[in-house]
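Listing of structure39.txt, compact mmCIF, C-alpha atoms and all ligand atoms
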# COMPACT_ATOMS: atom_id res chain seq x y z
CA MET A 1 -10.96 -20.08 -1.49
CA VAL A 2 -8.10 -22.25 -2.63
CA THR A 3 -8.44 -21.51 -6.35
CA GLU A 4 -8.47 -17.78 -5.70
CA GLU A 5 -5.30 -17.95 -3.64
CA THR A 6 -3.60 -20.00 -6.32
CA ASN A 7 -4.46 -17.32 -8.83
CA ILE A 8 -3.07 -14.52 -6.72
CA THR A 9 0.17 -16.39 -6.19
CA GLU A 10 0.45 -17.16 -9.89
CA ASN A 11 -0.35 -13.57 -10.80
CA LEU A 12 2.30 -12.40 -8.38
CA ASP A 13 4.92 -14.72 -9.84
CA ALA A 14 4.08 -13.53 -13.35
CA THR A 15 4.33 -9.90 -12.24
CA ARG A 16 7.71 -10.44 -10.59
CA ALA A 17 8.98 -12.23 -13.70
CA ALA A 18 7.77 -9.45 -15.99
CA ILE A 19 9.45 -6.78 -13.84
CA ALA A 20 12.70 -8.73 -13.82
CA ALA A 21 12.57 -9.27 -17.58
CA ALA A 22 11.85 -5.58 -18.25
CA ALA A 23 14.70 -4.54 -15.97
CA LYS A 24 17.16 -6.93 -17.61
CA ALA A 25 16.12 -5.80 -21.08
CA ALA A 26 16.83 -2.22 -20.03
CA GLY A 27 20.22 -3.17 -18.58
CA ARG A 28 18.98 -2.54 -15.05
CA ASP A 29 19.29 -4.55 -11.86
CA PRO A 30 15.83 -6.03 -11.10
CA ASP A 31 16.46 -5.32 -7.41
CA GLY A 32 16.35 -1.63 -8.31
CA VAL A 33 12.60 -1.89 -8.90
CA THR A 34 10.28 -2.18 -5.92
CA LEU A 35 6.91 -3.81 -6.41
CA VAL A 36 4.15 -1.94 -4.58
CA CYS A 37 1.11 -4.23 -4.48
CA VAL A 38 -2.03 -2.10 -4.78
CA SER A 39 -4.61 -3.74 -2.53
CA LYS A 40 -7.40 -1.13 -2.66
CA THR A 41 -10.90 -2.69 -2.56
CA HIS A 42 -9.48 -6.12 -1.71
CA PRO A 43 -10.11 -7.78 1.66
CA ALA A 44 -7.48 -8.55 4.26
CA GLU A 45 -7.42 -12.27 3.56
CA ARG A 46 -6.28 -11.72 -0.03
CA ILE A 47 -3.69 -9.23 1.14
CA ARG A 48 -2.43 -11.78 3.65
CA THR A 49 -1.88 -14.24 0.78
CA VAL A 50 0.39 -11.74 -0.92
CA ILE A 51 2.28 -10.92 2.28
CA GLU A 52 2.81 -14.62 2.95
CA ALA A 53 4.15 -14.96 -0.59
CA GLY A 54 6.91 -12.56 0.42
CA GLU A 55 5.74 -9.09 -0.60
CA ARG A 56 6.17 -6.23 1.85
CA GLN A 57 5.15 -3.01 0.09
CA PHE A 58 1.46 -2.25 -0.35
CA GLY A 59 -0.54 0.66 -1.72
CA GLU A 60 -3.97 1.95 -0.75
CA ASN A 61 -5.73 4.98 -2.23
CA LYS A 62 -8.14 5.89 0.60
CA VAL A 63 -7.20 6.71 4.18
CA GLN A 64 -10.47 5.41 5.62
CA GLU A 65 -10.36 2.11 3.80
CA ALA A 66 -6.75 1.60 4.85
CA GLU A 67 -7.64 2.34 8.47
CA ALA A 68 -10.25 -0.39 8.36
CA LYS A 69 -7.91 -3.05 6.97
CA TRP A 70 -4.32 -2.29 7.90
CA PRO A 71 -3.85 -1.80 11.65
CA ALA A 72 -4.51 -5.52 12.25
CA LEU A 73 -2.34 -6.57 9.29
CA LYS A 74 0.49 -4.33 10.42
CA GLN A 75 0.33 -5.78 13.88
CA GLN A 76 0.61 -9.27 12.44
CA PHE A 77 3.26 -8.31 9.86
CA PRO A 78 5.22 -5.36 11.30
CA HIS A 79 7.77 -5.33 8.46
CA VAL A 80 5.13 -4.36 5.88
CA ARG A 81 5.33 -0.83 4.45
CA LEU A 82 2.12 0.91 3.49
CA HIS A 83 2.00 3.53 0.72
CA LEU A 84 -0.75 6.11 0.30
CA ILE A 85 -1.25 6.44 -3.46
CA GLY A 86 -4.56 8.34 -3.59
CA PRO A 87 -5.38 12.02 -3.01
CA LEU A 88 -4.94 13.23 0.56
CA GLN A 89 -7.20 15.90 2.07
CA SER A 90 -5.60 18.18 4.61
CA ASN A 91 -8.13 17.17 7.27
CA LYS A 92 -6.98 13.53 7.01
CA VAL A 93 -3.29 14.30 7.42
CA LYS A 94 -3.20 13.25 11.07
CA HIS A 95 -4.61 9.82 10.20
CA ALA A 96 -2.38 9.43 7.16
CA VAL A 97 0.83 10.25 9.04
CA ALA A 98 -0.13 7.81 11.79
CA LEU A 99 -0.81 4.88 9.48
CA PHE A 100 1.24 5.19 6.29
CA ASP A 101 4.98 4.66 5.87
CA VAL A 102 5.12 6.38 2.48
CA ILE A 103 2.89 9.19 1.19
CA GLU A 104 3.12 9.35 -2.61
CA THR A 105 0.61 12.11 -3.32
CA VAL A 106 2.01 15.36 -1.92
CA ASP A 107 0.84 17.91 -4.47
CA ARG A 108 -0.05 21.32 -3.00
CA PRO A 109 1.31 23.80 -0.48
CA LYS A 110 -1.59 23.54 1.98
CA LEU A 111 -1.16 19.77 2.19
CA ALA A 112 2.62 20.04 2.41
CA ARG A 113 2.36 22.48 5.32
CA ALA A 114 -0.15 20.27 7.12
CA LEU A 115 2.15 17.26 6.69
CA ALA A 116 5.16 19.19 7.96
CA GLY A 117 3.19 20.32 11.01
CA GLU A 118 1.96 16.83 11.83
CA MET A 119 5.43 15.30 11.40
CA GLU A 120 6.86 17.97 13.67
CA LYS A 121 4.21 17.25 16.27
CA THR A 122 4.41 13.46 16.24
CA GLY A 123 8.00 12.79 15.19
CA ARG A 124 6.67 10.26 12.68
CA ARG A 125 8.15 10.99 9.24
CA PRO A 126 6.68 8.92 6.39
CA GLU A 127 8.73 9.21 3.19
CA CYS A 128 7.11 11.59 0.70
CA TYR A 129 6.80 11.58 -3.06
CA ILE A 130 5.63 14.64 -4.96
CA GLN A 131 2.84 13.76 -7.39
CA VAL A 132 3.24 15.48 -10.77
CA ASN A 133 0.27 15.90 -13.12
CA THR A 134 2.41 15.22 -16.20
CA GLY A 135 -0.62 15.22 -18.52
CA GLU A 136 -1.87 18.54 -17.11
CA GLU A 137 -5.33 17.02 -16.76
CA ASP A 138 -7.94 19.16 -14.99
CA GLN A 139 -9.49 16.26 -13.10
CA LYS A 140 -6.20 14.76 -11.94
CA ALA A 141 -4.25 15.53 -8.80
CA GLY A 142 -0.60 16.54 -8.89
CA VAL A 143 1.50 19.66 -9.27
CA LEU A 144 1.86 20.91 -12.85
CA PRO A 145 5.25 20.22 -14.48
CA LEU A 146 6.03 23.94 -14.71
CA ASP A 147 5.42 24.40 -10.98
CA ALA A 148 7.24 21.24 -9.93
CA ASP A 149 10.72 22.67 -9.22
CA ALA A 150 9.37 25.41 -6.96
CA PHE A 151 7.04 23.00 -5.16
CA ILE A 152 9.78 20.44 -4.60
CA SER A 153 11.94 23.20 -3.14
CA LEU A 154 9.13 24.35 -0.86
CA CYS A 155 8.53 20.82 0.43
CA ARG A 156 12.13 19.77 0.83
CA ASP A 157 14.11 22.91 1.57
CA GLU A 158 11.60 25.16 3.30
CA LEU A 159 9.32 22.70 5.08
CA GLY A 160 11.89 19.95 5.58
CA LEU A 161 9.64 17.12 4.37
CA PRO A 162 11.44 13.82 3.74
CA VAL A 163 10.98 14.00 -0.04
CA VAL A 164 12.47 10.94 -1.75
CA GLY A 165 11.06 11.09 -5.26
CA LEU A 166 8.27 11.77 -7.74
CA MET A 167 5.10 9.95 -8.70
CA CYS A 168 2.80 10.23 -11.74
CA ILE A 169 -0.28 8.66 -13.32
CA PRO A 170 -0.22 9.24 -17.10
CA PRO A 171 -3.43 10.06 -19.00
CA VAL A 172 -5.15 6.84 -20.08
CA ASP A 173 -5.14 7.69 -23.78
CA GLU A 174 -1.54 8.81 -24.23
CA GLU A 175 1.79 7.06 -24.69
CA PRO A 176 2.95 6.55 -21.09
CA ALA A 177 6.65 6.60 -21.98
CA LEU A 178 6.44 10.34 -22.71
CA HIS A 179 5.09 10.97 -19.23
CA PHE A 180 7.55 8.65 -17.52
CA THR A 181 10.43 10.34 -19.32
CA LEU A 182 9.19 13.79 -18.30
CA LEU A 183 8.89 12.66 -14.68
CA LYS A 184 12.44 11.34 -14.74
CA GLN A 185 13.74 14.64 -16.16
CA ILE A 186 12.08 16.61 -13.37
CA ALA A 187 13.48 14.22 -10.75
CA THR A 188 17.00 14.33 -12.18
CA ARG A 189 17.22 18.10 -12.34
CA ASN A 190 16.03 18.27 -8.72
CA GLY A 191 18.40 15.60 -7.45
CA LEU A 192 15.62 13.15 -6.53
CA GLY A 193 16.45 9.46 -6.88
CA LEU A 194 13.12 7.63 -6.73
CA LEU A 195 10.39 7.36 -9.35
CA SER A 196 7.01 5.75 -8.60
CA MET A 197 5.46 5.13 -12.00
CA GLY A 198 3.76 2.31 -13.88
CA MET A 199 0.59 0.32 -13.14
CA SER A 200 -0.74 -3.04 -14.40
CA GLY A 201 -1.03 -1.83 -17.99
CA ASP A 202 2.27 -0.01 -18.34
CA PHE A 203 4.73 -1.08 -15.65
CA GLU A 204 7.14 -2.66 -18.12
CA THR A 205 7.35 0.63 -20.01
CA ALA A 206 7.87 2.40 -16.70
CA VAL A 207 10.74 0.08 -15.78
CA ARG A 208 12.32 0.79 -19.15
CA CYS A 209 12.00 4.52 -18.43
CA GLY A 210 13.64 4.26 -15.01
CA ALA A 211 10.91 3.48 -12.47
CA THR A 212 12.25 2.53 -9.05
CA ALA A 213 8.77 1.56 -7.84
CA VAL A 214 5.81 0.24 -9.81
CA ARG A 215 2.28 0.20 -8.38
CA VAL A 216 0.50 -2.94 -9.55
CA GLY A 217 -3.05 -3.83 -8.51
CA SER A 218 -5.29 -5.76 -10.88
CA LYS A 219 -2.52 -7.84 -12.41
CA ILE A 220 -1.91 -9.34 -8.95
CA PHE A 221 -5.27 -9.24 -7.19
CA GLY A 222 -7.55 -9.52 -10.23
CA ALA A 223 -10.13 -7.03 -11.46
CA ARG A 224 -11.74 -4.66 -8.97
CA GLU A 225 -15.55 -4.53 -8.62
C1 LIG B 301 -5.37 1.74 -8.48
C2 LIG B 301 -4.05 2.39 -8.66
C3 LIG B 301 -2.95 1.66 -9.16
C4 LIG B 301 -3.03 0.22 -9.60
O1 LIG B 301 -3.79 0.12 -10.77
P1 LIG B 301 -3.86 -1.26 -11.60
O2 LIG B 301 -4.17 -0.83 -12.97
O3 LIG B 301 -4.93 -2.07 -10.97
O4 LIG B 301 -2.54 -1.91 -11.49
C5 LIG B 301 -1.74 2.32 -9.25
N1 LIG B 301 -1.60 3.61 -8.89
C6 LIG B 301 -2.63 4.33 -8.41
C7 LIG B 301 -2.40 5.74 -8.02
C8 LIG B 301 -3.88 3.76 -8.28
O5 LIG B 301 -4.91 4.48 -7.81
If you took the structure in this file and wrote it as structure tokens, what would it be?
Amino acid sequence: MVTEETNITENLDATRAAIAAAAKAAGRDPDGVTLVCVSKTHPAERIRTVIEAGERQFGENKVQEAEAKWPALKQQFPHVRLHLIGPLQSNKVKHAVALFDVIETVDRPKLARALAGEMEKTGRRPECYIQVNTGEEDQKAGVLPLDADAFISLCRDELGLPVVGLMCIPPVDEEPALHFTLLKQIATRNGLGLLSMGMSGDFETAVRCGATAVRVGSKIFGARE
């Protein structure tokens, strides 16, 4: 529908402007912040609108849903890069390595070993982020902050995964800046340059705290069902 597409395009423009403004206010180059458009639950036609508006990085949180939508889109738009931003089970590693260009949720040794094995086997090497459970929440995925250094070393040095950075999802009821700052500290002391942090509600704070990628869904695509 025409009105819907207009909204998505307007939402996208507003998001880009807000990222640029937050970067400038923090004395950062806006080009240093990548917008990852989170398209989970949204159909291919809406995603196509965003691709045609110039975006090329997208995030999905479920392997199966992504497999249903993305092979056709990737064929039509080969330059698009797809990020896995949801939990990955070891038995879906084969599918994830085949489809995704970036895997942001590496968080436990069993998964890391499975990824290393699959990359070895196929020669396909999606970039990896380590997810850190900065809020130490029981229900949330991610390595605990205290275990992060050892886990990063296992992934990068022992298993040879292409680890580029860290990712976090702060607890909903806490000041996100504290979590973003902690994530940056862990990245810095481990020599990792990229930080995937910030969603629709807190991406400006994340940019202020040093995010190099923000994952924005509802602000672009509208509310999810
Ligand atoms: C859904 C999701 C997002 C986007 O959330 P919005 O609030 O809609 O911007 C970002 N990151 C992860 C890991 C998600 O699951």
**Prompt:** Would you name the residues within 12 Å of ligand LIG 301 (chain B), counting all atoms listed in the file, and put them as an MDAnalysis selection string?
**Reply:** chainID A and resid 11:12 15 35:42 58:62 83:88 103:105 129 131:133 140:142 167:172 196:204 213:225
**Item:** Among listed residues A:Ala150, A:Ala211, A:Val164, A:Val63, nearest Ala177 in chain A (using all atoms listed in the file)
**Value:**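 Closest to Ala177 in chain A, using all atoms listed in the file: A:Ala211.
Considering the residues A:Val80, A:Ala53, A:Cys209, A:Ala44 and counting only C-alpha atoms, Glu65 in chain A has its shortest atom-to-atom contact with A:Ala44.
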**Request:** Enter the distance from CA of Asp149 in chain A to CA of Asn190 in chain A, in Å, rounded to one decimal.
**Result:**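 Straight-line distance from CA of Asp149 in chain A to CA of Asn190 in chain A works out to 6.9 Å.
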Which residues come within 10 Å of range 73-78 of chain A, counting all atoms listed in the file, excluding same-chain residues fewer than 2 positions away, as a compact mmCIF listing (two decimals) with C-alpha atoms, keeping the file's coordinate frame?
# COMPACT_ATOMS: atom_id res chain seq x y z
CA ALA A 44 -7.48 -8.55 4.26
CA GLU A 45 -7.42 -12.27 3.56
CA ILE A 47 -3.69 -9.23 1.14
CA ARG A 48 -2.43 -11.78 3.65
CA ILE A 51 2.28 -10.92 2.28
CA GLU A 52 2.81 -14.62 2.95
CA ARG A 56 6.17 -6.23 1.85
CA LYS A 69 -7.91 -3.05 6.97
CA TRP A 70 -4.32 -2.29 7.90
CA PRO A 71 -3.85 -1.80 11.65
CA VAL A 80 5.13 -4.36 5.88
CA ARG A 81 5.33 -0.83 4.45
CA LEU A 82 2.12 0.91 3.49
CA LEU A 99 -0.81 4.88 9.48
**Ala23 in chain A environment, 12 Å, all atoms listed in the file, sequence neighbours closer than 6 positions dropped, as a PyMOL selection string** = chain A and resi 16-17+29-34+203-214
**Asked** Between CA of Leu195 in chain A and CA of Val97 in chain A, what is the spacing in Å?
**Response**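 Distance reported for this atom pair: 20.9 Å.
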**Message:** Please compute the CA of Pro109 in chain A-CA of Gln57 in chain A distance, one decimal, in Å.
**Reply:**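 These two atoms are separated by 27.1 Å.
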**Request:** Name the closest residue to Ala98 in chain A among the candidates A:Leu192, A:Ala18, A:Ala66, A:Ala26; distances are taken between atoms, counting all atoms listed in the file.
**Result:**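 Smallest separation from Ala98 in chain A among the options: A:Ala66.
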**Request:** Could you check which of A:Ala20, A:Ala187, A:Val106, A:Ala96 is closest to Glu118 in chain A, using only C-alpha atoms?
**Result:** A:Ala96
**Request:** Name the residues in contact with Asn91 in chain A at a cut-off of 10 Å, using all atoms listed in the file, excluding same-chain residues fewer than 4 positions from it; report them as a PyMOL selection string.
**Result:** chain A and resi 95-96+111+114
**Request:** Between A:Thr134, A:Ser153, A:Ser90, A:Thr122, single out the one closest to Arg189 in chain A, counting all atoms listed in the file.
**Result:** A:Ser153
